[in-house]
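Coordinates as given in data_38.pdb (PDB, C-alpha atoms):
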ATOM      1  CA  ILE R1496      -5.095  35.354   7.766
ATOM      2  CA  ASP R1497      -5.460  31.801   9.196
ATOM      3  CA  SER R1498      -8.227  32.766  11.573
ATOM      4  CA  ARG R1499     -10.211  34.727   9.007
ATOM      5  CA  PHE R1500      -9.773  32.642   5.869
ATOM      6  CA  GLY R1501      -9.485  29.049   7.158
ATOM      7  CA  GLY R1502      -5.718  28.921   6.749
ATOM      8  CA  VAL R1503      -5.722  29.953   3.109
ATOM      9  CA  ALA R1504      -4.628  33.432   2.123
ATOM     10  CA  PRO R1505      -7.127  35.077  -0.211
ATOM     11  CA  ALA R1506      -6.132  35.660  -3.764
ATOM     12  CA  PRO R1507      -5.156  39.281  -4.368
ATOM     13  CA  ALA R1508      -7.926  41.354  -5.881
ATOM     14  CA  PRO R1509      -7.338  42.240  -9.506
ATOM     15  CA  ALA R1510      -6.202  45.794 -10.108
ATOM     16  CA  PRO R1511      -9.073  47.949 -11.363
ATOM     17  CA  THR R1512      -8.928  48.958 -14.981
ATOM     18  CA  PRO R1513      -8.485  52.687 -15.675
ATOM     19  CA  ALA R1514     -12.089  52.868 -16.789
ATOM     20  CA  ALA R1515     -13.310  51.200 -13.595
ATOM     21  CA  ALA R1516     -11.126  53.468 -11.456
ATOM     22  CA  ALA R1517     -12.447  56.537 -13.234
ATOM     23  CA  SER R1518     -15.999  55.302 -12.785
ATOM     24  CA  THR R1519     -15.412  54.746  -9.069
ATOM     25  CA  ALA R1520     -13.910  58.223  -8.671
ATOM     26  CA  THR R1521     -16.813  59.737 -10.578
ATOM     27  CA  ASP R1522     -19.293  57.892  -8.383
ATOM     28  CA  ALA R1523     -17.478  59.121  -5.268
ATOM     29  CA  ASP R1524     -17.465  62.697  -6.533
ATOM     30  CA  ALA R1525     -21.132  62.471  -7.394
ATOM     31  CA  GLY R1526     -21.909  61.053  -3.963
ATOM     32  CA  GLU R1527     -19.972  63.812  -2.257
ATOM     33  CA  ALA R1528     -21.684  66.449  -4.376
ATOM     34  CA  ALA R1529     -25.079  64.962  -3.576
ATOM     35  CA  THR R1530     -24.268  64.960   0.146
ATOM     36  CA  THR R1531     -23.112  68.573  -0.028
ATOM     37  CA  THR R1532     -26.210  69.593  -1.951
ATOM     38  CA  ALA R1533     -28.455  67.806   0.526
ATOM     39  CA  ALA R1534     -26.695  69.466   3.443
ATOM     40  CA  ALA R1535     -27.031  72.867   1.796
ATOM     41  CA  ALA R1536     -30.715  72.248   1.168
ATOM     42  CA  THR R1537     -31.233  71.223   4.803
ATOM     43  CA  THR R1538     -29.418  74.330   6.004
ATOM     44  CA  ALA R1539     -31.427  76.549   3.673
ATOM     45  CA  ALA R1540     -34.668  74.956   4.847
ATOM     46  CA  THR R1541     -33.667  75.556   8.460
ATOM     47  CA  ILE R1542     -32.581  79.146   7.917
ATOM     48  CA  ALA R1543     -35.401  80.191   5.568
ATOM     49  CA  PRO R1544     -38.081  80.678   8.259
ATOM     50  CA  VAL R1545     -35.655  82.635  10.428
ATOM     51  CA  ALA R1546     -34.506  84.798   7.523
ATOM     52  CA  THR R1547     -38.107  85.457   6.513
ATOM     53  CA  ARG R1548     -38.997  86.513  10.043
ATOM     54  CA  VAL R1549     -35.951  88.788  10.257
ATOM     55  CA  VAL R1550     -36.974  90.520   7.013
ATOM     56  CA  GLU R1551     -40.572  90.866   8.235
ATOM     57  CA  LEU R1552     -39.459  92.451  11.509
ATOM     58  CA  SER R1553     -37.048  94.733   9.672
ATOM     59  CA  VAL R1554     -39.820  95.979   7.381
ATOM     60  CA  GLN R1555     -42.124  96.493  10.346
ATOM     61  CA  MET R1556     -39.517  98.467  12.298
ATOM     62  CA  MET R1557     -38.659 100.548   9.228
ATOM     63  CA  LEU R1558     -42.335 101.481   8.803
ATOM     64  CA  GLU R1559     -42.640 102.332  12.492
ATOM     65  CA  GLU R1560     -39.596 104.581  12.226
ATOM     66  CA  LEU R1561     -40.458 106.335   8.961
ATOM     67  CA  GLY R1562     -44.262 106.330   9.017
ATOM     68  CA  PRO R1563     -44.712 109.228  11.458
ATOM     69  CA  ASN R1564     -41.866 111.176   9.824
ATOM     70  CA  LEU R1565     -42.707 111.109   6.119
ATOM     71  CA  TRP R1566     -41.612 114.724   5.568
ATOM     72  CA  GLU R1567     -38.393 114.229   7.605
ATOM     73  CA  ALA R1568     -39.253 116.869  10.173
ATOM     74  CA  ASN R1569     -37.059 114.851  12.530
ATOM     75  CA  LEU R1570     -33.627 114.170  11.040
ATOM     76  CA  GLU R1571     -32.436 111.989  13.930
ATOM     77  CA  ARG R1572     -33.356 108.696  12.326
ATOM     78  CA  VAL R1573     -32.175 105.306  13.541
ATOM     79  CA  VAL R1574     -32.613 103.974  10.001
ATOM     80  CA  ASP R1575     -29.618 106.081   8.982
ATOM     81  CA  TYR R1576     -27.482 103.478  10.756
ATOM     82  CA  GLY R1577     -24.999 102.241   8.171
ATOM     83  CA  HIS R1578     -25.635 105.195   5.863
ATOM     84  CA  THR R1579     -23.091 107.760   7.039
ATOM     85  CA  PHE R1580     -19.705 106.492   5.873
ATOM     86  CA  SER R1581     -21.058 104.010   3.336
ATOM     87  CA  LYS R1582     -21.926 106.545   0.652
ATOM     88  CA  ILE R1583     -18.348 107.628   0.015
ATOM     89  CA  LEU R1584     -17.068 104.038   0.184
ATOM     90  CA  GLU R1585     -19.628 102.969  -2.391
ATOM     91  CA  MET R1586     -18.768 105.886  -4.691
ATOM     92  CA  ASN R1587     -15.024 105.305  -4.398
ATOM     93  CA  HIS R1588     -15.346 101.563  -5.002
ATOM     94  CA  PRO R1589     -18.204 100.872  -7.445
ATOM     95  CA  ALA R1590     -19.615  97.365  -7.589
ATOM     96  CA  GLY R1591     -17.251  94.989  -9.366
ATOM     97  CA  PRO R1592     -14.586  92.353  -8.627
ATOM     98  CA  ASP R1593     -12.771  94.652  -6.187
ATOM     99  CA  GLY R1594     -15.626  97.047  -5.518
ATOM    100  CA  LEU R1595     -18.495  97.263  -3.063
ATOM    101  CA  MET R1596     -22.185  96.698  -3.491
ATOM    102  CA  HIS R1597     -24.525  98.980  -1.584
ATOM    103  CA  GLY R1598     -25.244  96.444   1.164
ATOM    104  CA  GLU R1599     -21.559  95.700   1.628
ATOM    105  CA  ALA R1600     -20.741  99.385   2.064
ATOM    106  CA  VAL R1601     -23.607  99.728   4.548
ATOM    107  CA  ASN R1602     -22.273  96.815   6.587
ATOM    108  CA  LEU R1603     -18.780  98.330   6.701
ATOM    109  CA  ASP R1604     -20.358 101.511   8.026
ATOM    110  CA  GLY R1605     -22.251  99.469  10.613
ATOM    111  CA  VAL R1606     -19.087  97.668  11.723
ATOM    112  CA  LEU R1607     -17.330 100.961  12.373
ATOM    113  CA  CYS R1608     -20.316 102.289  14.309
ATOM    114  CA  VAL R1609     -20.321  99.177  16.492
ATOM    115  CA  VAL R1610     -16.656  99.770  17.339
ATOM    116  CA  LEU R1611     -17.336 103.448  18.042
ATOM    117  CA  SER R1612     -20.194 102.441  20.344
ATOM    118  CA  ALA R1613     -18.028  99.967  22.249
ATOM    119  CA  ARG R1614     -15.219 102.484  22.645
ATOM    120  CA  ARG R1615     -17.693 104.916  24.207
ATOM    121  CA  GLY R1616     -18.750 102.224  26.665
ATOM    122  CA  TRP R1617     -22.318 102.016  25.406
ATOM    123  CA  ILE R1618     -21.994  98.309  24.645
ATOM    124  CA  ASP R1619     -19.611  95.881  26.300
ATOM    125  CA  GLY R1620     -16.963  93.807  24.572
ATOM    126  CA  ALA R1621     -19.149  90.704  24.530
ATOM    127  CA  THR R1622     -21.949  92.530  22.722
ATOM    128  CA  ARG R1623     -19.510  94.064  20.262
ATOM    129  CA  ASP R1624     -18.007  90.672  19.493
ATOM    130  CA  ARG R1625     -21.441  89.061  19.183
ATOM    131  CA  ILE R1626     -22.497  91.578  16.535
ATOM    132  CA  LEU R1627     -19.230  91.364  14.620
ATOM    133  CA  ARG R1628     -19.231  87.573  14.765
ATOM    134  CA  VAL R1629     -22.698  87.401  13.209
ATOM    135  CA  MET R1630     -21.591  89.739  10.421
ATOM    136  CA  ALA R1631     -18.549  87.574   9.719
ATOM    137  CA  ARG R1632     -20.563  84.326   9.772
ATOM    138  CA  LEU R1633     -22.970  85.806   7.247
ATOM    139  CA  ALA R1634     -19.962  86.549   5.006
ATOM    140  CA  LEU R1635     -20.613  90.287   5.187
ATOM    141  CA  PRO R1636     -17.492  92.417   4.726
ATOM    142  CA  THR R1637     -16.006  93.798   7.922
ATOM    143  CA  TRP R1638     -13.026  95.529   6.347
ATOM    144  CA  HIS R1639     -12.027  97.141   3.056
ATOM    145  CA  ASP R1640      -8.719  98.744   2.199
ATOM    146  CA  GLY R1641     -10.613 101.861   1.152
ATOM    147  CA  CYS R1642     -11.432 102.566   4.804
ATOM    148  CA  GLY R1643      -8.956 105.382   5.385
ATOM    149  CA  VAL R1644      -9.624 107.876   8.152
ATOM    150  CA  GLU R1645      -9.499 110.871   5.795
ATOM    151  CA  VAL R1646     -11.959 109.204   3.432
ATOM    152  CA  LEU R1647     -14.375 108.287   6.212
ATOM    153  CA  TRP R1648     -14.125 111.732   7.752
ATOM    154  CA  ALA R1649     -15.002 113.236   4.370
ATOM    155  CA  GLY R1650     -18.045 110.956   4.339
ATOM    156  CA  LEU R1651     -19.093 112.248   7.752
ATOM    157  CA  VAL R1652     -18.647 115.851   6.653
ATOM    158  CA  ASP R1653     -20.801 115.136   3.610
ATOM    159  CA  ALA R1654     -23.486 113.631   5.837
ATOM    160  CA  VAL R1655     -23.540 116.805   7.933
ATOM    161  CA  GLU R1656     -24.411 118.803   4.809
ATOM    162  CA  HIS R1657     -27.462 116.604   4.227
ATOM    163  CA  ARG R1658     -28.600 116.337   7.849
ATOM    164  CA  GLY R1659     -29.321 119.910   8.737
ATOM    165  CA  GLY R1660     -25.771 120.816   9.693
ATOM    166  CA  ARG R1661     -25.302 118.077  12.306
ATOM    167  CA  GLN R1662     -23.745 114.610  12.216
ATOM    168  CA  ARG R1663     -26.844 112.755  13.440
ATOM    169  CA  LEU R1664     -24.833 109.516  13.552
ATOM    170  CA  PRO R1665     -26.720 106.512  14.990
ATOM    171  CA  LEU R1666     -24.634 104.446  17.408
ATOM    172  CA  VAL R1667     -25.589 101.251  19.211
ATOM    173  CA  THR R1668     -26.488 101.260  22.914
ATOM    174  CA  ALA R1669     -27.748  97.667  22.928
ATOM    175  CA  ILE R1670     -28.808  95.119  20.341
ATOM    176  CA  GLY R1671     -31.909  96.680  18.825
ATOM    177  CA  GLU R1672     -31.385 100.080  20.467
ATOM    178  CA  ALA R1673     -29.489 103.183  19.383
ATOM    179  CA  VAL R1674     -28.744 106.802  20.143
ATOM    180  CA  VAL R1675     -27.997 109.578  17.658
ATOM    181  CA  VAL R1676     -24.832 111.629  18.301
ATOM    182  CA  ASN R1677     -23.314 114.803  16.899
ATOM    183  CA  ASP R1678     -19.895 114.917  18.526
ATOM    184  CA  VAL R1679     -17.651 112.315  16.829
ATOM    185  CA  THR R1680     -14.193 113.792  16.287
ATOM    186  CA  LEU R1681     -11.552 113.016  13.696
ATOM    187  CA  GLU R1682      -9.333 111.641  16.469
ATOM    188  CA  GLU R1683     -12.082 109.363  17.782
ATOM    189  CA  LEU R1684     -12.815 108.115  14.287
ATOM    190  CA  GLY R1685      -9.135 107.372  13.692
ATOM    191  CA  GLU R1686      -8.831 105.425  16.938
ATOM    192  CA  ALA R1687     -11.926 103.357  16.177
ATOM    193  CA  LEU R1688     -10.620 102.611  12.696
ATOM    194  CA  ALA R1689      -7.249 101.536  14.127
ATOM    195  CA  GLU R1690      -9.027  99.165  16.510
ATOM    196  CA  LEU R1691     -11.112  97.729  13.693
ATOM    197  CA  ARG R1692      -7.968  97.192  11.641
ATOM    198  CA  ALA R1693      -6.318  95.438  14.611
ATOM    199  CA  LEU R1694      -9.271  93.035  14.860
ATOM    200  CA  HIS R1695      -8.370  91.850  11.352
ATOM    201  CA  GLN R1696      -4.708  91.217  12.122
ATOM    202  CA  PRO R1697      -3.420  87.712  12.980
ATOM    203  CA  GLY R1698      -4.866  86.800  16.355
ATOM    204  CA  GLY R1699      -7.770  89.222  15.966
ATOM    205  CA  MET R1700     -11.313  87.881  16.047
ATOM    206  CA  LEU R1701     -12.007  89.017  12.475
ATOM    207  CA  HIS R1702      -8.744  87.887  10.890
ATOM    208  CA  ARG R1703     -10.304  84.949   9.038
ATOM    209  CA  SER R1704     -12.970  87.165   7.458
ATOM    210  CA  LEU R1705     -10.358  89.339   5.744
ATOM    211  CA  VAL R1706     -10.553  88.059   2.161
ATOM    212  CA  GLY R1707      -9.774  89.886  -1.054
ATOM    213  CA  GLY R1708      -9.268  93.227   0.639
ATOM    214  CA  LYS R1709     -12.727  93.148   2.194
TER     215      LYS R1709
END

Give the structure from this file in structure tokens form.
Amino acid sequence: IDSRFGGVAPAPAPAPTPAAAASTATDADAGEAATTTAAAATTAATIAPVATRVVELSVQMMLEELGPNLWEANLERVVDYGHTFSKILEMNHPAGPDGLMHGEAVNLDGVLCVVLSARRGWIDGATRDRILRVMARLALPTWHDGCGVEVLWAGLVDAVEHRGGRQRLPLVTAIGEAVVVNDVTLEELGEALAELRALHQPGGMLHRSLVGGK
């Protein structure tokens, strides 16, 4: 005190009135909200060009895939990725507080197909984790309690009926590449589902993304 105030202790600051304290708190909250909003705007501005380009490429690839096959003469379509198990999940859990929107069901399907691909050795663990990590960071669901093996198998059986009597299930062989298979078994599906469930348990890479049953 002596060195900073010339040997005289400063008088204590008066206690703020309730109104002043409330005003200060409000100002702090407003400042924090403004900072958060600014950060969100900066993030959105940074992501927007990337997101736009991703959508553009997705549309282009979809047209390249479907354009030559308008009458579906070839039923082995990569664009069916995410659309094998998702239909039954979406029907069993309609959109709502505890339900699934179409895109969410498609992503759950895609997650399972990534695990199936890794278990077959077509992608390595690092690639599997890279794909799943991106899904989780985008807040896409990677699990739902409706993912029972019997339910998913029924979805696969239903797909067979609409794909000329074969599974025609697209699986990943690399990021941006796929192969269509017809030999997934109930046992294989159950093992992949068990592995996916384990990834959401404590210590699993997807544990933190398990929110609200999704």

Test item: the PyMOL selection byres ((chain R and resi 1680-1684) around 8) resolved as JSON, numbers by chain: {"R": [1611, 1644, 1648, 1678, 1679, 1685, 1686, 1687, 1688]}

For the structure shown, which residues end up in the PyMOL selection byres ((chain R and resi 1557-1571) around 9)? Put them as a list in words, please? Leu1552, Ser1553, Val1554, Gln1555, Met1556, Arg1572, Val1573, Val1574, Asp1575, Arg1658, Gly1659, Arg1663, Leu1664, Pro1665, Val1674, Val1675 and Val1676 of chain R

Identify all residues satisfying the PyMOL selection byres ((chain R and resi 1646) around 12) in the given file; provide them as a PyMOL selection string. chain R and resi 1579-1588+1640-1645+1647-1653+1681+1684-1685+1688

What does the distance from atom CA of R:Val1606 to atom CA of R:Met1630 come to in Å, to one decimal?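 Calculated distance between atom CA of R:Val1606 and atom CA of R:Met1630 is 8.4 Å.
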
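Take the candidates R:Ala1689, R:Val1550, R:Ala1613, R:Ala1543 and check each one against R:Arg1625 using only C-alpha atoms; the shortest distance goes to R:Ala1613.
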
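Of note, atom CA of R:Arg1614 and atom CA of R:Met1596 are spaced 27.7 Å apart.
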
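Protein, DNA and RNA residues at most 12 Å from (-24.6, 95.2, 1.1), with all atoms listed in the file, are these: Gly1577, His1578, Ser1581, Lys1582, Leu1584, Glu1585, Ala1590, Gly1594, Leu1595, Met1596, His1597, Gly1598, Glu1599, Ala1600, Val1601, Asn1602, Leu1603, Asp1604, Gly1605, Met1630, Leu1633, Ala1634, Leu1635, Pro1636 and Thr1637 of chain R.
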
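Here atom CA of R:Tyr1576 and atom CA of R:His1657 stand 14.7 Å from one another.
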
Axis-aligned box over every listed atom of stretch 1679-1688 of chain R, padded by 4 Å per side: centre and edges in Å to one decimal, as lines of an AutoDock Vina configuration file?
center_x = -13.2
center_y = 108.2
center_z = 15.2
size_x = 16.8
size_y = 19.2
size_z = 13.1

Using all atoms listed in the file, which of the listed residues (R:Leu1694, R:Met1700, R:Val1610, R:Ala1669) sits closest to R:Arg1632?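 Of the candidates, the smallest distance to R:Arg1632 is held by R:Met1700.
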
Add whatever atoms are absent from stretch 1661-1672 of chain R to reach all heavy atoms, and provide the output as a PDB file, in the coordinates of the input.
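rebuild.pdb written:
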ATOM      1  N   ARG R1661     -25.766 118.876  11.158  1.00  0.00           N
ATOM      2  CA  ARG R1661     -25.302 118.077  12.306  1.00  0.00           C
ATOM      3  C   ARG R1661     -24.993 116.655  11.835  1.00  0.00           C
ATOM      4  O   ARG R1661     -25.499 116.200  10.820  1.00  0.00           O
ATOM      5  CB  ARG R1661     -26.358 118.063  13.408  1.00  0.00           C
ATOM      6  CG  ARG R1661     -26.834 119.454  13.814  1.00  0.00           C
ATOM      7  CD  ARG R1661     -27.736 119.405  15.023  1.00  0.00           C
ATOM      8  NE  ARG R1661     -26.984 119.144  16.241  1.00  0.00           N
ATOM      9  CZ  ARG R1661     -27.540 119.037  17.452  1.00  0.00           C
ATOM     10  NH1 ARG R1661     -28.861 119.144  17.582  1.00  0.00           N
ATOM     11  NH2 ARG R1661     -26.802 118.808  18.515  1.00  0.00           N
ATOM     12  N   GLN R1662     -24.151 115.961  12.616  1.00  0.00           N
ATOM     13  CA  GLN R1662     -23.745 114.610  12.216  1.00  0.00           C
ATOM     14  C   GLN R1662     -24.916 113.634  12.234  1.00  0.00           C
ATOM     15  O   GLN R1662     -25.065 112.818  11.326  1.00  0.00           O
ATOM     16  CB  GLN R1662     -22.638 114.096  13.147  1.00  0.00           C
ATOM     17  CG  GLN R1662     -21.332 114.852  13.043  1.00  0.00           C
ATOM     18  CD  GLN R1662     -20.302 114.315  14.019  1.00  0.00           C
ATOM     19  OE1 GLN R1662     -20.582 113.458  14.868  1.00  0.00           O
ATOM     20  NE2 GLN R1662     -19.075 114.837  13.914  1.00  0.00           N
ATOM     21  N   ARG R1663     -25.693 113.656  13.285  1.00  0.00           N
ATOM     22  CA  ARG R1663     -26.844 112.755  13.440  1.00  0.00           C
ATOM     23  C   ARG R1663     -26.445 111.310  13.118  1.00  0.00           C
ATOM     24  O   ARG R1663     -27.076 110.629  12.291  1.00  0.00           O
ATOM     25  CB  ARG R1663     -28.013 113.208  12.577  1.00  0.00           C
ATOM     26  CG  ARG R1663     -28.404 114.669  12.831  1.00  0.00           C
ATOM     27  CD  ARG R1663     -29.633 115.078  12.047  1.00  0.00           C
ATOM     28  NE  ARG R1663     -29.758 116.520  11.969  1.00  0.00           N
ATOM     29  CZ  ARG R1663     -30.350 117.294  12.882  1.00  0.00           C
ATOM     30  NH1 ARG R1663     -30.837 116.737  13.969  1.00  0.00           N
ATOM     31  NH2 ARG R1663     -30.428 118.604  12.714  1.00  0.00           N
ATOM     32  N   LEU R1664     -25.400 110.851  13.786  1.00  0.00           N
ATOM     33  CA  LEU R1664     -24.833 109.516  13.552  1.00  0.00           C
ATOM     34  C   LEU R1664     -25.437 108.519  14.539  1.00  0.00           C
ATOM     35  O   LEU R1664     -25.228 108.640  15.751  1.00  0.00           O
ATOM     36  CB  LEU R1664     -23.309 109.568  13.714  1.00  0.00           C
ATOM     37  CG  LEU R1664     -22.565 108.242  13.616  1.00  0.00           C
ATOM     38  CD1 LEU R1664     -22.662 107.684  12.205  1.00  0.00           C
ATOM     39  CD2 LEU R1664     -21.100 108.435  14.007  1.00  0.00           C
ATOM     40  N   PRO R1665     -26.161 107.514  14.072  1.00  0.00           N
ATOM     41  CA  PRO R1665     -26.720 106.512  14.990  1.00  0.00           C
ATOM     42  C   PRO R1665     -25.624 105.558  15.486  1.00  0.00           C
ATOM     43  O   PRO R1665     -24.880 104.989  14.686  1.00  0.00           O
ATOM     44  CB  PRO R1665     -27.737 105.758  14.128  1.00  0.00           C
ATOM     45  CG  PRO R1665     -27.957 106.624  12.922  1.00  0.00           C
ATOM     46  CD  PRO R1665     -26.660 107.334  12.704  1.00  0.00           C
ATOM     47  N   LEU R1666     -25.541 105.410  16.795  1.00  0.00           N
ATOM     48  CA  LEU R1666     -24.634 104.446  17.408  1.00  0.00           C
ATOM     49  C   LEU R1666     -25.440 103.490  18.279  1.00  0.00           C
ATOM     50  O   LEU R1666     -26.540 103.816  18.723  1.00  0.00           O
ATOM     51  CB  LEU R1666     -23.566 105.161  18.247  1.00  0.00           C
ATOM     52  CG  LEU R1666     -22.588 106.055  17.481  1.00  0.00           C
ATOM     53  CD1 LEU R1666     -21.580 106.687  18.446  1.00  0.00           C
ATOM     54  CD2 LEU R1666     -21.860 105.298  16.381  1.00  0.00           C
ATOM     55  N   VAL R1667     -24.876 102.322  18.516  1.00  0.00           N
ATOM     56  CA  VAL R1667     -25.589 101.251  19.211  1.00  0.00           C
ATOM     57  C   VAL R1667     -25.429 101.382  20.729  1.00  0.00           C
ATOM     58  O   VAL R1667     -24.317 101.561  21.228  1.00  0.00           O
ATOM     59  CB  VAL R1667     -25.055  99.885  18.748  1.00  0.00           C
ATOM     60  CG1 VAL R1667     -25.809  98.755  19.433  1.00  0.00           C
ATOM     61  CG2 VAL R1667     -25.164  99.750  17.232  1.00  0.00           C
ATOM     62  N   THR R1668     -26.548 101.291  21.447  1.00  0.00           N
ATOM     63  CA  THR R1668     -26.488 101.260  22.914  1.00  0.00           C
ATOM     64  C   THR R1668     -26.839  99.875  23.457  1.00  0.00           C
ATOM     65  O   THR R1668     -26.583  99.573  24.612  1.00  0.00           O
ATOM     66  CB  THR R1668     -27.446 102.298  23.522  1.00  0.00           C
ATOM     67  OG1 THR R1668     -28.770 102.077  23.014  1.00  0.00           O
ATOM     68  CG2 THR R1668     -27.006 103.713  23.152  1.00  0.00           C
ATOM     69  N   ALA R1669     -27.440  99.070  22.631  1.00  0.00           N
ATOM     70  CA  ALA R1669     -27.748  97.667  22.928  1.00  0.00           C
ATOM     71  C   ALA R1669     -28.232  97.065  21.621  1.00  0.00           C
ATOM     72  O   ALA R1669     -28.548  97.791  20.677  1.00  0.00           O
ATOM     73  CB  ALA R1669     -28.824  97.548  24.005  1.00  0.00           C
ATOM     74  N   ILE R1670     -28.295  95.745  21.557  1.00  0.00           N
ATOM     75  CA  ILE R1670     -28.808  95.119  20.341  1.00  0.00           C
ATOM     76  C   ILE R1670     -30.271  95.515  20.176  1.00  0.00           C
ATOM     77  O   ILE R1670     -31.104  95.255  21.044  1.00  0.00           O
ATOM     78  CB  ILE R1670     -28.647  93.596  20.407  1.00  0.00           C
ATOM     79  CG1 ILE R1670     -27.157  93.232  20.373  1.00  0.00           C
ATOM     80  CG2 ILE R1670     -29.384  92.918  19.258  1.00  0.00           C
ATOM     81  CD1 ILE R1670     -26.872  91.759  20.487  1.00  0.00           C
ATOM     82  N   GLY R1671     -30.562  96.207  19.080  1.00  0.00           N
ATOM     83  CA  GLY R1671     -31.909  96.680  18.825  1.00  0.00           C
ATOM     84  C   GLY R1671     -32.193  98.071  19.357  1.00  0.00           C
ATOM     85  O   GLY R1671     -33.314  98.561  19.212  1.00  0.00           O
ATOM     86  N   GLU R1672     -31.191  98.734  19.934  1.00  0.00           N
ATOM     87  CA  GLU R1672     -31.385 100.080  20.467  1.00  0.00           C
ATOM     88  C   GLU R1672     -30.227 100.971  20.023  1.00  0.00           C
ATOM     89  O   GLU R1672     -29.105 100.508  19.828  1.00  0.00           O
ATOM     90  CB  GLU R1672     -31.472 100.064  21.995  1.00  0.00           C
ATOM     91  CG  GLU R1672     -32.641  99.236  22.530  1.00  0.00           C
ATOM     92  CD  GLU R1672     -32.702  99.226  24.039  1.00  0.00           C
ATOM     93  OE1 GLU R1672     -31.995 100.045  24.671  1.00  0.00           O
ATOM     94  OE2 GLU R1672     -33.442  98.403  24.596  1.00  0.00           O
TER      95      GLU R1672
END
